[in-house]
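Colleague: If it helps, the file is called run.txt and holds compact mmCIF, C-alpha atoms and all ligand atoms:
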# COMPACT_ATOMS: atom_id res chain seq x y z
CA MET Z 1 -60.05 56.64 114.75
CA LYS Z 2 -56.62 56.36 116.41
CA ILE Z 3 -54.50 56.36 113.23
CA LEU Z 4 -53.38 59.72 111.92
CA LEU Z 5 -54.67 60.40 108.38
CA PRO Z 6 -56.53 57.08 107.97
CA THR Z 7 -56.83 56.20 104.28
CA SER Z 8 -59.90 54.82 102.52
CA THR Z 9 -61.50 54.70 99.08
CA ALA Z 10 -64.70 56.39 97.95
CA GLY Z 11 -66.18 52.91 97.45
CA SER Z 12 -66.00 50.84 94.31
CA LEU Z 13 -63.02 48.91 93.00
CA PRO Z 14 -62.71 47.08 89.65
CA LYS Z 15 -64.15 43.58 89.53
CA PRO Z 16 -62.20 40.48 88.45
CA SER Z 17 -62.75 39.67 84.76
CA TRP Z 18 -64.29 36.28 85.60
CA LEU Z 19 -67.09 38.03 87.51
CA ALA Z 20 -67.93 40.89 85.16
CA GLU Z 21 -66.32 42.51 82.16
CA PRO Z 22 -63.85 45.09 83.47
CA GLU Z 23 -63.61 48.82 82.73
CA LYS Z 24 -67.33 49.08 82.17
CA LEU Z 25 -70.26 50.41 84.22
CA TRP Z 26 -73.37 48.18 84.53
CA SER Z 27 -71.21 45.33 83.31
CA PRO Z 28 -73.36 42.15 83.23
CA TRP Z 29 -72.43 39.25 85.52
CA LYS Z 30 -70.57 36.35 83.94
CA LEU Z 31 -71.84 33.78 86.47
CA GLN Z 32 -75.31 32.60 87.45
CA ASP Z 33 -77.20 31.50 90.55
CA ASP Z 34 -75.06 29.82 93.24
CA HIS Z 35 -71.90 30.33 91.19
CA LEU Z 36 -72.67 34.04 91.12
CA SER Z 37 -73.16 34.27 94.91
CA ALA Z 38 -69.94 32.38 95.53
CA GLY Z 39 -68.11 34.42 92.91
CA LYS Z 40 -69.25 37.70 94.49
CA GLN Z 41 -67.92 36.57 97.88
CA ASP Z 42 -64.59 35.58 96.37
CA ALA Z 43 -64.36 38.95 94.62
CA LEU Z 44 -65.13 40.70 97.89
CA ARG Z 45 -62.28 38.79 99.57
CA ILE Z 46 -59.90 39.84 96.77
CA ALA Z 47 -61.02 43.48 96.95
CA LEU Z 48 -60.40 43.45 100.70
CA ASN Z 49 -57.02 41.79 100.23
CA GLU Z 50 -55.97 44.39 97.65
CA GLN Z 51 -56.86 47.20 100.05
CA GLN Z 52 -54.90 45.48 102.81
CA GLN Z 53 -51.87 44.92 100.57
CA ALA Z 54 -51.92 48.66 99.87
CA ASN Z 55 -52.21 49.47 103.60
CA ILE Z 56 -55.62 51.12 103.30
CA ASP Z 57 -56.83 51.76 106.86
CA ILE Z 58 -60.62 51.91 106.47
CA VAL Z 59 -61.66 49.11 104.15
CA SER Z 60 -64.79 48.40 102.11
CA ASP Z 61 -66.31 45.63 100.02
CA GLY Z 62 -65.12 47.40 96.86
CA GLU Z 63 -68.81 47.20 95.85
CA GLN Z 64 -68.10 43.78 94.34
CA THR Z 65 -71.63 42.48 94.91
CA ARG Z 66 -73.40 45.29 93.07
CA GLN Z 67 -73.67 46.11 89.41
CA HIS Z 68 -74.23 49.81 90.01
CA PHE Z 69 -74.12 52.04 93.08
CA VAL Z 70 -77.73 53.21 92.75
CA THR Z 71 -79.58 50.67 90.60
CA THR Z 72 -78.66 47.59 92.62
CA PHE Z 73 -80.18 49.04 95.78
CA ILE Z 74 -83.37 50.07 93.97
CA GLU Z 75 -83.73 46.61 92.38
CA HIS Z 76 -84.38 45.23 95.86
CA LEU Z 77 -87.28 47.57 96.58
CA ASP Z 78 -91.01 47.18 95.99
CA GLY Z 79 -92.89 49.88 94.10
CA VAL Z 80 -90.41 50.23 91.24
CA ASP Z 81 -91.13 48.56 87.90
CA PHE Z 82 -87.95 47.75 85.98
CA GLU Z 83 -89.90 46.64 82.88
CA GLN Z 84 -91.66 49.97 82.50
CA ARG Z 85 -88.91 52.33 81.36
CA LYS Z 86 -88.91 56.03 80.58
CA THR Z 87 -86.21 58.29 79.24
CA VAL Z 88 -85.11 60.97 81.69
CA LYS Z 89 -82.09 63.20 82.01
CA ILE Z 90 -79.92 62.00 84.88
CA ARG Z 91 -78.25 64.75 86.88
CA ASP Z 92 -79.40 67.16 84.18
CA ARG Z 93 -76.55 65.74 82.11
CA TYR Z 94 -77.23 62.56 80.18
CA GLU Z 95 -80.33 60.76 78.99
CA ALA Z 96 -80.99 57.25 80.23
CA ASP Z 97 -83.79 54.69 80.13
CA VAL Z 98 -84.81 54.36 83.74
CA PRO Z 99 -87.33 52.27 85.72
CA THR Z 100 -90.66 53.71 86.85
CA VAL Z 101 -91.98 54.24 90.36
CA VAL Z 102 -95.45 52.69 90.08
CA GLY Z 103 -96.58 52.50 93.73
CA PRO Z 104 -95.49 53.09 97.32
CA VAL Z 105 -91.81 52.20 97.70
CA SER Z 106 -90.69 49.84 100.43
CA ARG Z 107 -87.86 47.45 101.33
CA PRO Z 108 -89.34 43.96 101.66
CA LYS Z 109 -86.04 42.57 102.92
CA PRO Z 110 -82.48 43.74 103.71
CA VAL Z 111 -80.31 44.53 100.68
CA PHE Z 112 -76.62 44.47 101.73
CA ILE Z 113 -76.73 43.06 105.26
CA GLU Z 114 -75.42 39.58 104.42
CA ASP Z 115 -72.57 41.10 102.36
CA ALA Z 116 -71.65 43.46 105.19
CA LYS Z 117 -71.72 40.58 107.68
CA PHE Z 118 -69.40 38.63 105.40
CA LEU Z 119 -66.95 41.54 105.14
CA ARG Z 120 -67.08 42.01 108.93
CA GLN Z 121 -66.07 38.35 109.40
CA GLN Z 122 -62.99 38.83 107.21
CA THR Z 123 -61.33 41.73 109.03
CA ASN Z 124 -60.99 43.63 112.30
CA GLN Z 125 -60.18 46.86 110.50
CA PRO Z 126 -62.77 49.66 110.47
CA ILE Z 127 -65.21 49.13 107.61
CA LYS Z 128 -67.13 51.66 105.56
CA TRP Z 129 -70.28 50.79 103.64
CA ALA Z 130 -71.71 52.92 100.82
CA LEU Z 131 -75.40 53.41 100.11
CA PRO Z 132 -76.95 55.71 97.50
CA GLY Z 133 -78.31 58.98 98.86
CA PRO Z 134 -82.05 59.74 98.65
CA MET Z 135 -81.72 62.57 96.11
CA THR Z 136 -79.44 60.58 93.80
CA MET Z 137 -81.93 57.68 93.93
CA VAL Z 138 -84.82 59.96 92.97
CA ASP Z 139 -82.77 61.33 90.10
CA THR Z 140 -82.32 57.91 88.47
CA LEU Z 141 -86.03 57.06 88.24
CA TYR Z 142 -89.22 58.15 86.52
CA ASP Z 143 -91.82 58.82 89.21
CA ALA Z 144 -95.40 58.01 88.12
CA HIS Z 145 -96.70 57.59 91.67
CA TYR Z 146 -95.66 60.32 94.14
CA LYS Z 147 -95.14 62.91 91.39
CA SER Z 148 -92.96 64.81 93.82
CA ARG Z 149 -89.17 64.45 94.04
CA GLU Z 150 -89.27 65.61 97.64
CA GLN Z 151 -91.89 63.06 98.72
CA LEU Z 152 -90.13 60.20 96.95
CA ALA Z 153 -86.80 61.22 98.52
CA TRP Z 154 -88.46 61.19 101.93
CA GLN Z 155 -89.73 57.63 101.39
CA PHE Z 156 -86.27 56.53 100.22
CA ALA Z 157 -84.71 58.19 103.27
CA LYS Z 158 -86.90 56.06 105.55
CA ILE Z 159 -85.91 52.90 103.64
CA LEU Z 160 -82.21 53.84 103.75
CA ASN Z 161 -82.53 54.43 107.49
CA GLN Z 162 -83.82 50.85 107.97
CA GLU Z 163 -80.92 49.47 105.95
CA ALA Z 164 -78.36 51.72 107.72
CA LYS Z 165 -79.53 50.63 111.16
CA GLU Z 166 -79.07 46.98 110.18
CA LEU Z 167 -75.63 47.70 108.70
CA GLU Z 168 -74.68 49.33 111.99
CA ALA Z 169 -75.96 46.30 113.89
CA VAL Z 170 -73.71 43.91 111.94
CA GLY Z 171 -70.64 46.01 112.72
CA VAL Z 172 -70.21 48.61 109.97
CA ASP Z 173 -68.20 51.55 111.39
CA ILE Z 174 -68.95 54.24 108.80
CA ILE Z 175 -72.05 54.42 106.59
CA GLN Z 176 -71.57 56.60 103.55
CA PHE Z 177 -74.32 58.05 101.36
CA ASP Z 178 -73.35 58.80 97.77
CA GLU Z 179 -74.97 62.05 96.67
CA PRO Z 180 -73.42 63.23 93.38
CA ALA Z 181 -76.80 64.90 92.74
CA PHE Z 182 -75.87 67.42 95.47
CA ASN Z 183 -73.46 68.99 92.97
CA VAL Z 184 -76.27 69.72 90.51
CA PHE Z 185 -79.59 70.57 92.17
CA PHE Z 186 -78.56 73.25 94.66
CA ASP Z 187 -82.03 74.63 95.40
CA GLU Z 188 -83.41 71.16 96.08
CA VAL Z 189 -80.41 70.26 98.22
CA ASN Z 190 -81.08 73.22 100.45
CA ASP Z 191 -84.89 72.86 100.39
CA TRP Z 192 -85.09 69.14 101.19
CA GLY Z 193 -81.97 67.20 100.11
CA ILE Z 194 -80.04 67.63 103.34
CA ALA Z 195 -83.20 67.12 105.41
CA ALA Z 196 -83.79 63.80 103.61
CA LEU Z 197 -80.18 62.79 104.25
CA GLU Z 198 -80.60 63.57 107.94
CA ARG Z 199 -83.73 61.42 107.97
CA ALA Z 200 -81.64 58.57 106.52
CA ILE Z 201 -79.12 58.79 109.42
CA GLU Z 202 -81.69 59.30 112.18
CA GLY Z 203 -80.88 57.30 115.33
CA LEU Z 204 -77.55 55.93 114.08
CA ASN Z 205 -74.63 55.71 116.51
CA CYS Z 206 -71.96 54.79 113.97
CA GLU Z 207 -70.22 57.47 111.94
CA THR Z 208 -71.95 58.80 108.84
CA ALA Z 209 -70.50 60.26 105.66
CA VAL Z 210 -71.78 61.91 102.52
CA HIS Z 211 -69.81 61.58 99.28
CA ILE Z 212 -70.33 64.45 96.82
CA CYS Z 213 -68.33 64.26 93.64
CA TYR Z 214 -68.10 65.07 89.97
CA GLY Z 215 -68.66 61.45 89.03
CA TYR Z 216 -66.83 58.50 87.56
CA GLY Z 217 -64.46 59.10 84.69
CA ILE Z 218 -67.09 58.38 82.03
CA LYS Z 219 -67.56 60.57 78.95
CA ALA Z 220 -70.81 62.26 80.08
CA ASN Z 221 -69.05 63.42 83.23
CA THR Z 222 -65.80 64.54 81.65
CA ASP Z 223 -67.79 66.48 78.99
CA TRP Z 224 -69.81 68.14 81.75
CA LYS Z 225 -66.64 69.06 83.65
CA LYS Z 226 -65.43 70.93 80.57
CA THR Z 227 -68.42 73.25 80.86
CA LEU Z 228 -67.76 74.14 84.48
CA GLY Z 229 -65.00 76.67 83.85
CA THR Z 230 -61.72 77.06 85.71
CA GLN Z 231 -63.19 77.26 89.19
CA TRP Z 232 -65.62 74.59 90.32
CA ARG Z 233 -67.60 76.29 93.05
CA GLN Z 234 -70.53 73.81 93.25
CA TYR Z 235 -69.59 72.79 96.79
CA GLU Z 236 -70.01 76.40 97.89
CA GLU Z 237 -73.77 76.13 97.34
CA VAL Z 238 -74.34 73.21 99.68
CA PHE Z 239 -71.52 73.32 102.23
CA PRO Z 240 -73.01 75.99 104.53
CA LYS Z 241 -76.10 73.90 105.18
CA LEU Z 242 -74.15 70.66 105.29
CA ALA Z 243 -71.88 72.20 107.93
CA GLN Z 244 -74.91 72.55 110.18
CA SER Z 245 -76.15 69.00 109.55
CA ASN Z 246 -75.54 65.93 111.73
CA ILE Z 247 -73.40 64.23 109.06
CA ASP Z 248 -69.95 63.47 110.54
CA ILE Z 249 -67.79 63.16 107.43
CA ILE Z 250 -67.83 64.85 104.02
CA SER Z 251 -66.11 63.02 101.15
CA LEU Z 252 -65.17 65.14 98.17
CA GLU Z 253 -62.85 65.38 95.20
CA CYS Z 254 -59.75 67.56 95.35
CA HIS Z 255 -56.99 66.19 93.12
CA ASN Z 256 -56.99 67.36 89.47
CA SER Z 257 -60.38 68.94 89.97
CA HIS Z 258 -60.85 72.67 89.76
CA VAL Z 259 -62.42 72.88 93.19
CA PRO Z 260 -60.90 75.87 95.02
CA ILE Z 261 -59.47 74.18 98.10
CA GLU Z 262 -60.41 77.12 100.33
CA LEU Z 263 -64.06 76.05 100.02
CA LEU Z 264 -63.18 73.51 102.72
CA GLU Z 265 -63.23 76.41 105.17
CA LEU Z 266 -67.05 76.33 104.83
CA VAL Z 267 -67.19 72.92 106.50
CA ARG Z 268 -64.46 73.42 109.09
CA GLY Z 269 -65.13 71.21 112.08
CA LYS Z 270 -66.39 68.27 109.98
CA LYS Z 271 -64.18 65.31 109.20
CA ILE Z 272 -63.16 65.44 105.54
CA MET Z 273 -62.34 62.59 103.20
CA VAL Z 274 -60.03 64.44 100.84
CA GLY Z 275 -59.96 62.98 97.33
CA ALA Z 276 -56.26 62.87 96.45
CA ILE Z 277 -56.53 60.30 93.64
CA ASP Z 278 -58.03 61.19 90.24
CA VAL Z 279 -60.32 58.37 89.09
CA ALA Z 280 -60.87 59.87 85.63
CA SER Z 281 -57.29 59.26 84.51
CA ASN Z 282 -55.02 56.24 84.13
CA THR Z 283 -51.99 58.26 85.16
CA ILE Z 284 -50.76 57.05 88.52
CA GLU Z 285 -50.27 59.84 91.03
CA THR Z 286 -46.85 60.03 92.62
CA PRO Z 287 -46.78 59.85 96.43
CA GLU Z 288 -45.49 63.44 96.38
CA GLU Z 289 -48.55 64.59 94.37
CA VAL Z 290 -50.85 62.93 96.89
CA ALA Z 291 -48.91 64.52 99.74
CA SER Z 292 -49.17 67.93 98.10
CA THR Z 293 -52.98 67.68 97.84
CA LEU Z 294 -53.19 66.63 101.49
CA ARG Z 295 -50.92 69.49 102.63
CA LYS Z 296 -53.16 72.00 100.85
CA ALA Z 297 -56.21 70.53 102.56
CA LEU Z 298 -54.46 70.73 105.94
CA ASN Z 299 -54.75 74.52 105.73
CA TYR Z 300 -58.50 74.11 106.16
CA VAL Z 301 -58.92 70.75 107.88
CA ASP Z 302 -57.46 69.88 111.29
CA ALA Z 303 -55.04 66.96 111.01
CA ASP Z 304 -57.14 64.71 113.23
CA LYS Z 305 -60.12 65.25 110.91
CA LEU Z 306 -58.39 64.60 107.58
CA TYR Z 307 -59.02 61.25 105.86
CA PRO Z 308 -57.04 60.75 102.62
CA CYS Z 309 -59.29 59.17 99.99
CA THR Z 310 -59.92 58.72 96.26
CA ASN Z 311 -61.95 61.33 94.34
CA CYS Z 312 -64.68 58.79 93.53
CA GLY Z 313 -65.14 55.08 92.87
CA MET Z 314 -62.56 53.20 90.81
CA ALA Z 315 -64.93 50.62 89.24
CA PRO Z 316 -64.30 51.77 85.64
CA LEU Z 317 -60.49 51.54 85.94
CA SER Z 318 -58.31 48.51 85.20
CA ARG Z 319 -57.32 46.50 88.27
CA GLU Z 320 -53.66 47.24 87.71
CA VAL Z 321 -54.25 51.00 87.64
CA ALA Z 322 -56.54 50.84 90.68
CA ARG Z 323 -53.93 48.89 92.67
CA ALA Z 324 -51.20 51.36 91.78
CA LYS Z 325 -53.45 54.26 92.77
CA LEU Z 326 -54.19 52.65 96.15
CA ASN Z 327 -50.46 52.29 96.77
CA ALA Z 328 -49.88 55.94 95.82
CA LEU Z 329 -52.60 57.03 98.24
CA SER Z 330 -50.97 55.15 101.11
CA ALA Z 331 -47.48 56.31 100.28
CA GLY Z 332 -48.62 59.94 99.98
CA ALA Z 333 -50.49 59.79 103.29
CA ASN Z 334 -47.37 58.35 104.88
CA ILE Z 335 -45.23 61.28 103.77
CA VAL Z 336 -47.59 63.76 105.41
CA ARG Z 337 -47.94 61.61 108.55
CA GLN Z 338 -44.17 61.74 109.03
CA GLU Z 339 -44.22 65.50 108.60
CA LEU Z 340 -47.01 65.90 111.15
CA VAL Z 341 -45.30 63.64 113.68
CA SER Z 342 -42.00 65.48 113.37
CA GLN Z 343 -43.81 68.77 114.03
CA ILE Z 344 -45.08 67.62 117.42
ZN ZN W 401 -68.21 59.76 93.42
What would you get if you wrote out this structure as structure tokens?

Modeller:
Amino acid sequence: MKILLPTSTAGSLPKPSWLAEPEKLWSPWKLQDDHLSAGKQDALRIALNEQQQANIDIVSDGEQTRQHFVTTFIEHLDGVDFEQRKTVKIRDRYEADVPTVVGPVSRPKPVFIEDAKFLRQQTNQPIKWALPGPMTMVDTLYDAHYKSREQLAWQFAKILNQEAKELEAVGVDIIQFDEPAFNVFFDEVNDWGIAALERAIEGLNCETAVHICYGYGIKANTDWKKTLGTQWRQYEEVFPKLAQSNIDIISLECHNSHVPIELLELVRGKKIMVGAIDVASNTIETPEEVASTLRKALNYVDADKLYPCTNCGMAPLSREVARAKLNALSAGANIVRQELVSQI
């Protein structure tokens, strides 16, 4: 990456109201069949355009073609029965009715490759594509077949690897795995979570990222955050092992979170996507606030490895708020770029 402090988003952006009801997760589609496919492509074009208007350097599809960052991927797999539902506790935090793994899981056909190809055709900018991580996938299902979280994660890792290799082949520059579960199940992360992630990136030549966050700004997450105390040290549990992994980039939340910024020292040497935009609030950051978060991170991250980013996806926000936050991210990154250039 030649640009200093290249900006990007964690992934999702709000959808237009004609495609799905805004400010809602799992919002049902408002179109059907061919209209839906065409509508998703139009929404992807708009999401790209909004990132470009805001001068975002590494662009994404804004996750316009998926209803949910985990479920949509799983819907395309064999071995999971969406009719047979069981109540489980997701991320040890909230109960949900989830589909059941009823047999060996496999990917009968590519999931996002056509969408990624379409995005690639629209821009020459670097593109980042998000996939769910193996542990987070396991954590959103009831497993009646493998009866082992580790074994199921391993199967998902192999499937994700197939998808990732095809994404790379159609020109995706960075493949990101979303692993919010890494902030919850520390023993499992260290026993097999990172190993499964490394299986998912095996043989890839493009850059790889893992996004570990405290979740969207939904009630279950904000309630959980209240129980975490004044210092959020979750990253401390997994960073040492992640530092030794083959993952190139770590995406995490920094702004308005209680993560002690010095924890970044544990992953020195990795590229870091520093979350400088709070997605759990409608308050628009000022460019100076963004700059301040980035300056703090610069004490632990070399300038050529710092990627200003949002804390998490912006799907549940209004489009107006999301646009303003993208602009703030760019403007804040610009302030710090000027400072760095004048120091040389
Ligand atoms: Zn996130």

Colleague: Kindly indicate which residue among Z:Ile175, Z:Tyr214, Z:Arg199, Z:Thr100 lies nearest to Tyr146 of chain Z, using only C-alpha atoms for the distances.

Modeller: Z:Thr100

Colleague: Do you know which residues are within 6 Å of ligand ZN 401 (chain W) using all atoms listed in the file? Can you write them as a list of chain:residue names?

Modeller: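 Protein and nucleic-acid residues within 6 Å of ligand ZN 401 (chain W): Z:Cys213, Z:Gly215, Z:Cys312, Z:Gly313.
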
Colleague: For the atom pair atom CA of Ile335 of chain Z and atom CA of Val290 of chain Z, what is the interatomic distance in Å to one decimal place?

Modeller: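 These two atoms are separated by 9.0 Å.
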
Colleague: Check the smallest atom-to-atom distance from each of Z:Trp224, Z:Ser17, Z:Asp61, Z:Leu263 to Asn299 of chain Z using only C-alpha atoms, then report the winner.

Modeller: Z:Leu263

Colleague: I'd like the contact shell of Tyr300 of chain Z - 8 Å cut-off, only C-alpha atoms, skipping same-chain residues fewer than 6 positions apart - returned as a list in words.

Modeller: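 Listing them by chain and then by number gives Glu262, Leu264, Glu265 and Arg268 of chain Z.
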
Colleague: Excluding same-chain residues fewer than 6 positions from segment 69-85 of chain Z, what lies within 8 Å of it counting only C-alpha atoms, as a PDB file with C-alpha atoms, in the coordinates of the input?

Modeller:
ATOM      1  CA  GLU Z  63     -68.810  47.200  95.850  1.00  0.00           C
ATOM      2  CA  ASP Z  97     -83.790  54.690  80.130  1.00  0.00           C
ATOM      3  CA  VAL Z  98     -84.810  54.360  83.740  1.00  0.00           C
ATOM      4  CA  PRO Z  99     -87.330  52.270  85.720  1.00  0.00           C
ATOM      5  CA  THR Z 100     -90.660  53.710  86.850  1.00  0.00           C
ATOM      6  CA  VAL Z 101     -91.980  54.240  90.360  1.00  0.00           C
ATOM      7  CA  VAL Z 102     -95.450  52.690  90.080  1.00  0.00           C
ATOM      8  CA  GLY Z 103     -96.580  52.500  93.730  1.00  0.00           C
ATOM      9  CA  PRO Z 104     -95.490  53.090  97.320  1.00  0.00           C
ATOM     10  CA  VAL Z 105     -91.810  52.200  97.700  1.00  0.00           C
ATOM     11  CA  SER Z 106     -90.690  49.840 100.430  1.00  0.00           C
ATOM     12  CA  ARG Z 107     -87.860  47.450 101.330  1.00  0.00           C
ATOM     13  CA  PRO Z 108     -89.340  43.960 101.660  1.00  0.00           C
ATOM     14  CA  LYS Z 109     -86.040  42.570 102.920  1.00  0.00           C
ATOM     15  CA  VAL Z 111     -80.310  44.530 100.680  1.00  0.00           C
ATOM     16  CA  LEU Z 131     -75.400  53.410 100.110  1.00  0.00           C
ATOM     17  CA  PRO Z 132     -76.950  55.710  97.500  1.00  0.00           C
ATOM     18  CA  THR Z 136     -79.440  60.580  93.800  1.00  0.00           C
ATOM     19  CA  MET Z 137     -81.930  57.680  93.930  1.00  0.00           C
ATOM     20  CA  THR Z 140     -82.320  57.910  88.470  1.00  0.00           C
ATOM     21  CA  TYR Z 142     -89.220  58.150  86.520  1.00  0.00           C
TER      22      TYR Z 142
END

Colleague: When you count all atoms listed in the file, which of these residues is closest to Phe156 of chain Z: Z:Glu198, Z:Glu236, Z:Asp33, Z:Asp223?

Modeller: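 Looking only at the distances to Phe156 of chain Z, the closest residue turns out to be Z:Glu198.
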
Colleague: So, with only C-alpha atoms as the atoms that count, which of Z:Leu197, Z:Ala322, Z:Leu167, Z:Val172 lies closest to Met135 of chain Z?

Modeller: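 For Met135 of chain Z, the nearest of the given residues is Z:Leu197.
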
Colleague: Do you have the atom CA of Ser251 of chain Z-atom CA of Glu21 of chain Z distance handy?

Modeller: 28.0 Å

Colleague: Quick check, in Å to one decimal: how far apart do atom CA of Lys128 of chain Z and atom CA of Gly11 of chain Z lie?

Modeller: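 Result for atom CA of Lys128 of chain Z versus atom CA of Gly11 of chain Z: 8.3 Å, one decimal.
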